[in-house]
>>> print(open('my_file-v4.txt').read())   # compact mmCIF, C-alpha atoms
# COMPACT_ATOMS: atom_id res chain seq x y z
CA MET A 1 102.61 239.84 49.35
CA ILE A 2 102.81 238.72 45.75
CA ASN A 3 106.23 240.35 45.40
CA TYR A 4 107.72 238.21 48.17
CA ALA A 5 106.16 235.08 46.68
CA LEU A 6 107.53 236.03 43.25
CA ALA A 7 111.02 236.56 44.69
CA LEU A 8 110.85 233.14 46.32
CA GLY A 9 109.64 231.63 43.05
CA PHE A 10 112.49 233.21 41.09
CA ILE A 11 115.04 231.91 43.61
CA ALA A 12 113.60 228.40 43.58
CA VAL A 13 113.40 228.15 39.79
CA SER A 14 116.93 229.53 39.42
CA LEU A 15 118.29 226.97 41.88
CA ALA A 16 116.40 224.26 40.00
CA LEU A 17 117.98 225.43 36.74
CA LEU A 18 121.44 225.27 38.32
CA MET A 19 120.77 221.72 39.50
CA ASN A 20 119.64 220.79 35.99
CA LEU A 21 122.87 222.27 34.65
CA TRP A 22 124.81 220.10 37.10
CA ARG A 23 123.01 217.00 35.83
CA LEU A 24 123.59 218.14 32.25
CA ALA A 25 127.34 218.46 32.87
CA THR A 26 127.89 215.28 34.90
CA GLY A 27 125.16 212.96 33.61
CA PRO A 28 126.63 209.46 33.25
CA THR A 29 124.52 208.48 30.22
CA VAL A 30 123.19 210.31 27.19
CA MET A 31 119.59 209.96 28.34
CA ASP A 32 120.43 211.71 31.63
CA ARG A 33 121.50 214.71 29.61
CA VAL A 34 118.36 214.59 27.46
CA LEU A 35 116.26 214.50 30.63
CA ALA A 36 118.20 217.46 32.03
CA VAL A 37 117.60 219.53 28.89
CA ASP A 38 113.89 218.66 28.91
CA THR A 39 113.61 219.76 32.55
CA MET A 40 115.49 222.96 31.77
CA VAL A 41 112.94 223.81 29.07
CA ILE A 42 110.05 223.27 31.51
CA ASN A 43 111.81 225.39 34.15
CA THR A 44 112.34 228.16 31.59
CA ILE A 45 108.60 228.08 30.87
CA ALA A 46 108.01 228.51 34.61
CA LEU A 47 110.42 231.46 34.65
CA ILE A 48 108.61 233.13 31.73
CA ILE A 49 105.26 232.70 33.50
CA LEU A 50 106.65 234.24 36.69
CA TYR A 51 108.01 237.19 34.69
CA GLY A 52 104.59 237.63 33.08
CA ILE A 53 102.93 237.80 36.50
CA ARG A 54 105.56 240.29 37.72
CA GLU A 55 105.13 242.61 34.73
CA SER A 56 101.33 242.09 34.63
CA THR A 57 101.37 241.45 30.91
CA ALA A 58 100.22 238.42 28.93
CA VAL A 59 102.59 239.06 26.01
CA TYR A 60 105.14 236.51 27.17
CA PHE A 61 102.74 233.58 27.35
CA GLU A 62 102.86 232.99 23.62
CA SER A 63 106.60 232.51 23.88
CA ALA A 64 106.02 230.08 26.77
CA LEU A 65 103.62 228.12 24.56
CA LEU A 66 106.17 228.04 21.75
CA MET A 67 108.88 226.82 24.13
CA ALA A 68 106.58 224.06 25.40
CA MET A 69 106.00 222.83 21.85
CA PHE A 70 109.63 223.01 20.75
CA GLY A 71 110.88 221.41 23.95
CA PHE A 72 108.58 218.44 23.45
CA ILE A 73 109.52 218.02 19.80
CA SER A 74 113.25 218.30 20.46
CA THR A 75 113.11 215.74 23.29
CA VAL A 76 111.22 213.29 21.10
CA ALA A 77 113.73 213.88 18.30
CA TYR A 78 116.66 213.17 20.65
CA CYS A 79 115.00 209.96 21.85
CA ARG A 80 114.32 208.84 18.28
CA PHE A 81 117.94 209.52 17.44
CA VAL A 82 119.21 207.42 20.38
CA LEU A 83 116.70 204.64 19.61
CA ARG A 84 117.08 204.42 15.85
CA GLY A 85 120.14 206.43 14.88
CA ASP A 86 117.87 208.57 12.72
CA VAL A 87 115.12 211.09 13.42
CA ILE A 88 112.85 210.73 10.40
CA GLU A 89 113.09 207.39 8.62
CA MET B 90 93.27 243.94 44.91
CA ASN B 91 91.54 241.96 47.60
CA ILE B 92 93.91 240.63 50.27
CA TYR B 93 92.43 237.14 50.07
CA ILE B 94 92.93 236.93 46.32
CA GLU B 95 96.49 238.13 46.77
CA ALA B 96 97.10 235.45 49.40
CA LEU B 97 95.63 232.83 47.06
CA ILE B 98 97.97 233.88 44.22
CA ALA B 99 100.97 233.91 46.58
CA PHE B 100 100.01 230.45 47.86
CA HIS B 101 99.90 229.01 44.35
CA ILE B 102 103.23 230.59 43.41
CA ILE B 103 104.94 229.23 46.54
CA LEU B 104 103.42 225.79 45.92
CA GLY B 105 104.72 225.78 42.35
CA ALA B 106 108.17 226.98 43.42
CA PHE B 107 108.39 224.21 46.01
CA PHE B 108 107.43 221.48 43.56
CA ILE B 109 109.80 222.72 40.84
CA PHE B 110 112.64 222.77 43.36
CA VAL B 111 111.78 219.26 44.56
CA GLY B 112 111.65 217.96 40.99
CA SER B 113 115.13 219.19 40.12
CA PHE B 114 116.52 218.19 43.51
CA GLY B 115 115.26 214.66 42.94
CA MET B 116 116.93 214.64 39.57
CA ILE B 117 120.38 215.28 41.03
CA LYS B 118 119.83 213.18 44.17
CA LEU B 119 118.37 209.86 42.95
CA PRO B 120 120.74 207.05 41.95
CA GLU B 121 119.94 206.12 38.34
CA LEU B 122 117.87 207.31 35.42
CA MET B 123 114.77 205.18 35.91
CA SER B 124 114.25 206.69 39.36
CA ARG B 125 115.50 210.13 38.33
CA LEU B 126 112.72 210.26 35.75
CA HIS B 127 110.10 210.62 38.51
CA GLY B 128 111.20 214.09 39.60
CA PRO B 129 110.93 216.02 36.32
CA SER B 130 107.96 214.12 34.94
CA LYS B 131 105.71 214.49 37.99
CA ALA B 132 106.88 217.17 40.41
CA THR B 133 108.06 219.74 37.86
CA THR B 134 104.86 219.44 35.82
CA LEU B 135 102.81 219.96 38.97
CA GLY B 136 104.94 222.99 39.85
CA VAL B 137 104.37 224.63 36.48
CA GLY B 138 100.66 223.85 36.91
CA GLY B 139 100.71 225.74 40.22
CA PHE B 140 102.33 228.78 38.57
CA LEU B 141 99.75 228.70 35.79
CA VAL B 142 96.81 228.56 38.22
CA GLY B 143 98.30 231.51 40.13
CA SER B 144 98.73 233.41 36.87
CA MET B 145 95.13 232.70 35.83
CA ILE B 146 93.81 234.00 39.17
CA HIS B 147 96.06 237.07 38.87
CA PHE B 148 94.90 238.04 35.38
CA GLY B 149 91.30 237.20 36.25
CA ALA B 150 91.45 239.55 39.25
CA THR B 151 93.34 242.45 37.65
CA GLU B 152 91.91 242.50 34.13
CA GLY B 153 88.66 240.62 34.64
CA ARG B 154 89.20 238.14 31.84
CA ILE B 155 90.20 234.49 31.54
CA SER B 156 93.32 234.32 29.38
CA ILE B 157 93.31 231.34 27.05
CA GLN B 158 97.11 231.00 26.87
CA GLU B 159 97.46 229.57 30.38
CA ILE B 160 94.85 226.93 29.67
CA LEU B 161 96.66 226.02 26.44
CA ILE B 162 100.06 225.79 28.17
CA THR B 163 98.59 223.64 30.97
CA PHE B 164 96.87 221.37 28.49
CA PHE B 165 99.97 220.99 26.35
CA LEU B 166 102.37 220.36 29.24
CA PHE B 167 100.08 217.86 30.94
CA ILE B 168 99.66 215.92 27.71
CA THR B 169 103.31 215.92 26.66
CA ALA B 170 104.99 215.14 30.02
CA PRO B 171 103.99 211.42 30.11
CA VAL B 172 104.88 210.99 26.43
CA THR B 173 108.33 212.48 27.04
CA ALA B 174 108.91 210.28 30.10
CA HIS B 175 107.86 207.20 28.14
CA PHE B 176 110.20 208.03 25.26
CA ILE B 177 113.17 208.68 27.55
CA ALA B 178 112.58 205.44 29.47
CA LYS B 179 112.28 203.44 26.26
CA ALA B 180 115.43 204.93 24.73
CA TYR B 181 117.29 204.30 28.00
CA MET B 182 116.14 200.67 28.09
CA HIS B 183 117.38 200.09 24.55
CA ALA B 184 120.63 201.97 25.01
CA GLU B 185 121.76 200.89 28.47
CA LEU B 186 119.73 198.02 29.97
CA LYS B 187 119.93 194.38 28.92
CA PRO B 188 116.72 192.32 28.94
CA GLU B 189 118.38 189.51 30.91
CA LYS B 190 118.90 191.77 33.92
CA LEU B 191 115.27 192.91 34.11
CA PRO B 192 112.55 191.05 36.06
CA LYS B 193 110.66 188.56 33.91
CA PRO B 194 107.00 189.29 33.13
CA ASP B 195 104.33 186.77 34.15
CA GLY B 196 102.91 185.97 30.75
CA ARG B 197 104.21 183.74 28.02
CA TYR B 198 105.89 186.59 26.17
CA GLY B 199 108.77 188.73 27.34
CA TRP B 200 109.14 192.49 27.37
CA ASN B 201 107.28 193.92 24.42
CA THR B 202 109.86 196.63 23.77
CA TYR B 203 112.57 194.02 23.19
CA ALA B 204 110.42 191.77 20.99
CA SER B 205 111.71 191.08 17.50
CA VAL B 206 109.53 191.08 14.38
CA GLU B 207 109.40 187.26 14.42
CA ASP B 208 108.11 187.25 18.02
CA VAL B 209 105.31 189.65 17.15
CA LYS B 210 104.34 187.65 14.04
CA LEU B 211 104.34 184.40 16.04
CA ALA B 212 102.14 185.91 18.74
CA ALA B 213 99.71 187.26 16.14
CA ARG B 214 99.53 183.88 14.38
CA GLU B 215 98.91 182.04 17.64
CA GLN B 216 96.18 184.48 18.55
CA ALA B 217 94.56 184.11 15.12
CA THR B 218 94.51 180.32 15.15
CA GLY B 219 93.61 180.11 18.81
CA SER B 220 96.28 177.51 19.47
CA ASP B 221 97.36 177.02 23.06
CA LEU B 222 100.92 175.82 22.53
CA GLN B 223 103.38 176.45 25.27
CA GLY B 224 105.80 178.86 23.74
>>> encode(input="my_file-v4.txt", output="structure tokens")
Amino acid sequence: MINYALALGFIAVSLALLMNLWRLATGPTVMDRVLAVDTMVINTIALIILYGIRESTAVYFESALLMAMFGFISTVAYCRFVLRGDVIE
Amino acid sequence: MNIYIEALIAFHIILGAFFIFVGSFGMIKLPELMSRLHGPSKATTLGVGGFLVGSMIHFGATEGRISIQEILITFFLFITAPVTAHFIAKAYMHAELKPEKLPKPDGRYGWNTYASVEDVKLAAREQATGSDLQG
């Protein structure tokens, strides 16, 4: 039963990533693209968690934690750059 | 593994998959960024939370231990998602929107994010002296 649910989860997250890629390519403003990249990072975290459940190993969760941290920091850096023209003043 | 626990894990995974799909679908479907921001900042975070709950039940049932990483990821994502949404909205307001086109707030002062240094100093001075001048 879990295998079918995992297959559905992989399909849904992959479709979500493709939709994020569409928004990243055609976003009218810069902030649309920043939002698309931020969502892609969160969806990649979801993909890593699903892979960890499928392989029954907790090794990959550290990488998910690292991606969560770096995604947050990079989004904040992009927003600072758009707001101020500089990341660290 | 018990069939009920398996069904519980599958339910959480399907719930998370649905919410992640809805979040990204809202991001390509809604008309402009201020409404697009709702999908990723609420639905996608909830979807990842569903995956993490399913993963915690899975590792609790198979290995008999509570793994701390899932709790850390949940904590971190649920703290950072509102901060990210706030930053993106603020940068968008300064980059694209003009304050004249926005609805006017009720109070005596305008939008705080557009206030200049002189506005903030004036407001602080009025508050300190307790004057009730109509600004």
>>> residues_near_point(input="my_file-v4.txt", point="(106.9, 234.0, 25.4)", cutoff="12 Å", atoms="all atoms listed in the file", output="list of chain:residue names")
A:Thr44, A:Ile45, A:Ala46, A:Leu47, A:Ile48, A:Ile49, A:Leu50, A:Tyr51, A:Gly52, A:Thr57, A:Ala58, A:Val59, A:Tyr60, A:Phe61, A:Glu62, A:Ser63, A:Ala64, A:Leu65, A:Leu66, A:Met67, A:Ala68, A:Met69, B:Gln158, B:Glu159, B:Ile162
>>> residues_near_point(input="my_file-v4.txt", point="(117.1, 205.1, 21.7)", cutoff="7 Å", atoms="only C-alpha atoms", output="PDB file with C-alpha atoms, keeping the file's coordinate frame")
ATOM      1  CA  CYS A  79     115.000 209.960  21.850  1.00  0.00           C
ATOM      2  CA  ARG A  80     114.320 208.840  18.280  1.00  0.00           C
ATOM      3  CA  PHE A  81     117.940 209.520  17.440  1.00  0.00           C
ATOM      4  CA  VAL A  82     119.210 207.420  20.380  1.00  0.00           C
ATOM      5  CA  LEU A  83     116.700 204.640  19.610  1.00  0.00           C
ATOM      6  CA  ARG A  84     117.080 204.420  15.850  1.00  0.00           C
TER       7      ARG A  84
ATOM      8  CA  LYS B 179     112.280 203.440  26.260  1.00  0.00           C
ATOM      9  CA  ALA B 180     115.430 204.930  24.730  1.00  0.00           C
ATOM     10  CA  TYR B 181     117.290 204.300  28.000  1.00  0.00           C
ATOM     11  CA  HIS B 183     117.380 200.090  24.550  1.00  0.00           C
ATOM     12  CA  ALA B 184     120.630 201.970  25.010  1.00  0.00           C
TER      13      ALA B 184
END
>>> interface_residues(input="my_file-v4.txt", of="chain B", to="chain A", cutoff="8 Å", atoms="all atoms listed in the file", output="PDB file with C-alpha atoms, keeping the file's coordinate frame")
ATOM      1  CA  GLU B  95      96.490 238.130  46.770  1.00  0.00           C
ATOM      2  CA  ALA B  96      97.100 235.450  49.400  1.00  0.00           C
ATOM      3  CA  ILE B  98      97.970 233.880  44.220  1.00  0.00           C
ATOM      4  CA  ALA B  99     100.970 233.910  46.580  1.00  0.00           C
ATOM      5  CA  PHE B 100     100.010 230.450  47.860  1.00  0.00           C
ATOM      6  CA  ILE B 102     103.230 230.590  43.410  1.00  0.00           C
ATOM      7  CA  ILE B 103     104.940 229.230  46.540  1.00  0.00           C
ATOM      8  CA  GLY B 105     104.720 225.780  42.350  1.00  0.00           C
ATOM      9  CA  ALA B 106     108.170 226.980  43.420  1.00  0.00           C
ATOM     10  CA  PHE B 107     108.390 224.210  46.010  1.00  0.00           C
ATOM     11  CA  ILE B 109     109.800 222.720  40.840  1.00  0.00           C
ATOM     12  CA  PHE B 110     112.640 222.770  43.360  1.00  0.00           C
ATOM     13  CA  GLY B 112     111.650 217.960  40.990  1.00  0.00           C
ATOM     14  CA  SER B 113     115.130 219.190  40.120  1.00  0.00           C
ATOM     15  CA  PHE B 114     116.520 218.190  43.510  1.00  0.00           C
ATOM     16  CA  MET B 116     116.930 214.640  39.570  1.00  0.00           C
ATOM     17  CA  ILE B 117     120.380 215.280  41.030  1.00  0.00           C
ATOM     18  CA  LEU B 122     117.870 207.310  35.420  1.00  0.00           C
ATOM     19  CA  LEU B 126     112.720 210.260  35.750  1.00  0.00           C
ATOM     20  CA  PRO B 129     110.930 216.020  36.320  1.00  0.00           C
ATOM     21  CA  THR B 133     108.060 219.740  37.860  1.00  0.00           C
ATOM     22  CA  THR B 134     104.860 219.440  35.820  1.00  0.00           C
ATOM     23  CA  VAL B 137     104.370 224.630  36.480  1.00  0.00           C
ATOM     24  CA  PHE B 140     102.330 228.780  38.570  1.00  0.00           C
ATOM     25  CA  LEU B 141      99.750 228.700  35.790  1.00  0.00           C
ATOM     26  CA  SER B 144      98.730 233.410  36.870  1.00  0.00           C
ATOM     27  CA  HIS B 147      96.060 237.070  38.870  1.00  0.00           C
ATOM     28  CA  PHE B 148      94.900 238.040  35.380  1.00  0.00           C
ATOM     29  CA  GLN B 158      97.110 231.000  26.870  1.00  0.00           C
ATOM     30  CA  GLU B 159      97.460 229.570  30.380  1.00  0.00           C
ATOM     31  CA  LEU B 161      96.660 226.020  26.440  1.00  0.00           C
ATOM     32  CA  ILE B 162     100.060 225.790  28.170  1.00  0.00           C
ATOM     33  CA  PHE B 165      99.970 220.990  26.350  1.00  0.00           C
ATOM     34  CA  LEU B 166     102.370 220.360  29.240  1.00  0.00           C
ATOM     35  CA  THR B 169     103.310 215.920  26.660  1.00  0.00           C
ATOM     36  CA  THR B 173     108.330 212.480  27.040  1.00  0.00           C
ATOM     37  CA  PHE B 176     110.200 208.030  25.260  1.00  0.00           C
ATOM     38  CA  ILE B 177     113.170 208.680  27.550  1.00  0.00           C
ATOM     39  CA  ALA B 180     115.430 204.930  24.730  1.00  0.00           C
ATOM     40  CA  TYR B 181     117.290 204.300  28.000  1.00  0.00           C
ATOM     41  CA  HIS B 183     117.380 200.090  24.550  1.00  0.00           C
ATOM     42  CA  ALA B 184     120.630 201.970  25.010  1.00  0.00           C
TER      43      ALA B 184
END
>>> atom_distance(input="my_file-v4.txt", atom1="CA of Gln216 in chain B", atom2="CA of Thr202 in chain B")
19.0 Å
>>> atom_distance(input="my_file-v4.txt", atom1="CA of Val142 in chain B", atom2="CA of Thr163 in chain B")
8.9 Å
>>> atom_distance(input="my_file-v4.txt", atom1="CA of Asp195 in chain B", atom2="CA of Glu215 in chain B")
18.0 Å
>>> residues_around(input="my_file-v4.txt", residues="Phe108 in chain B", least_positions_apart="6", cutoff="7 Å", atoms="all atoms listed in the file", output="PyMOL selection string")
chain B and resi 132-133+135-136
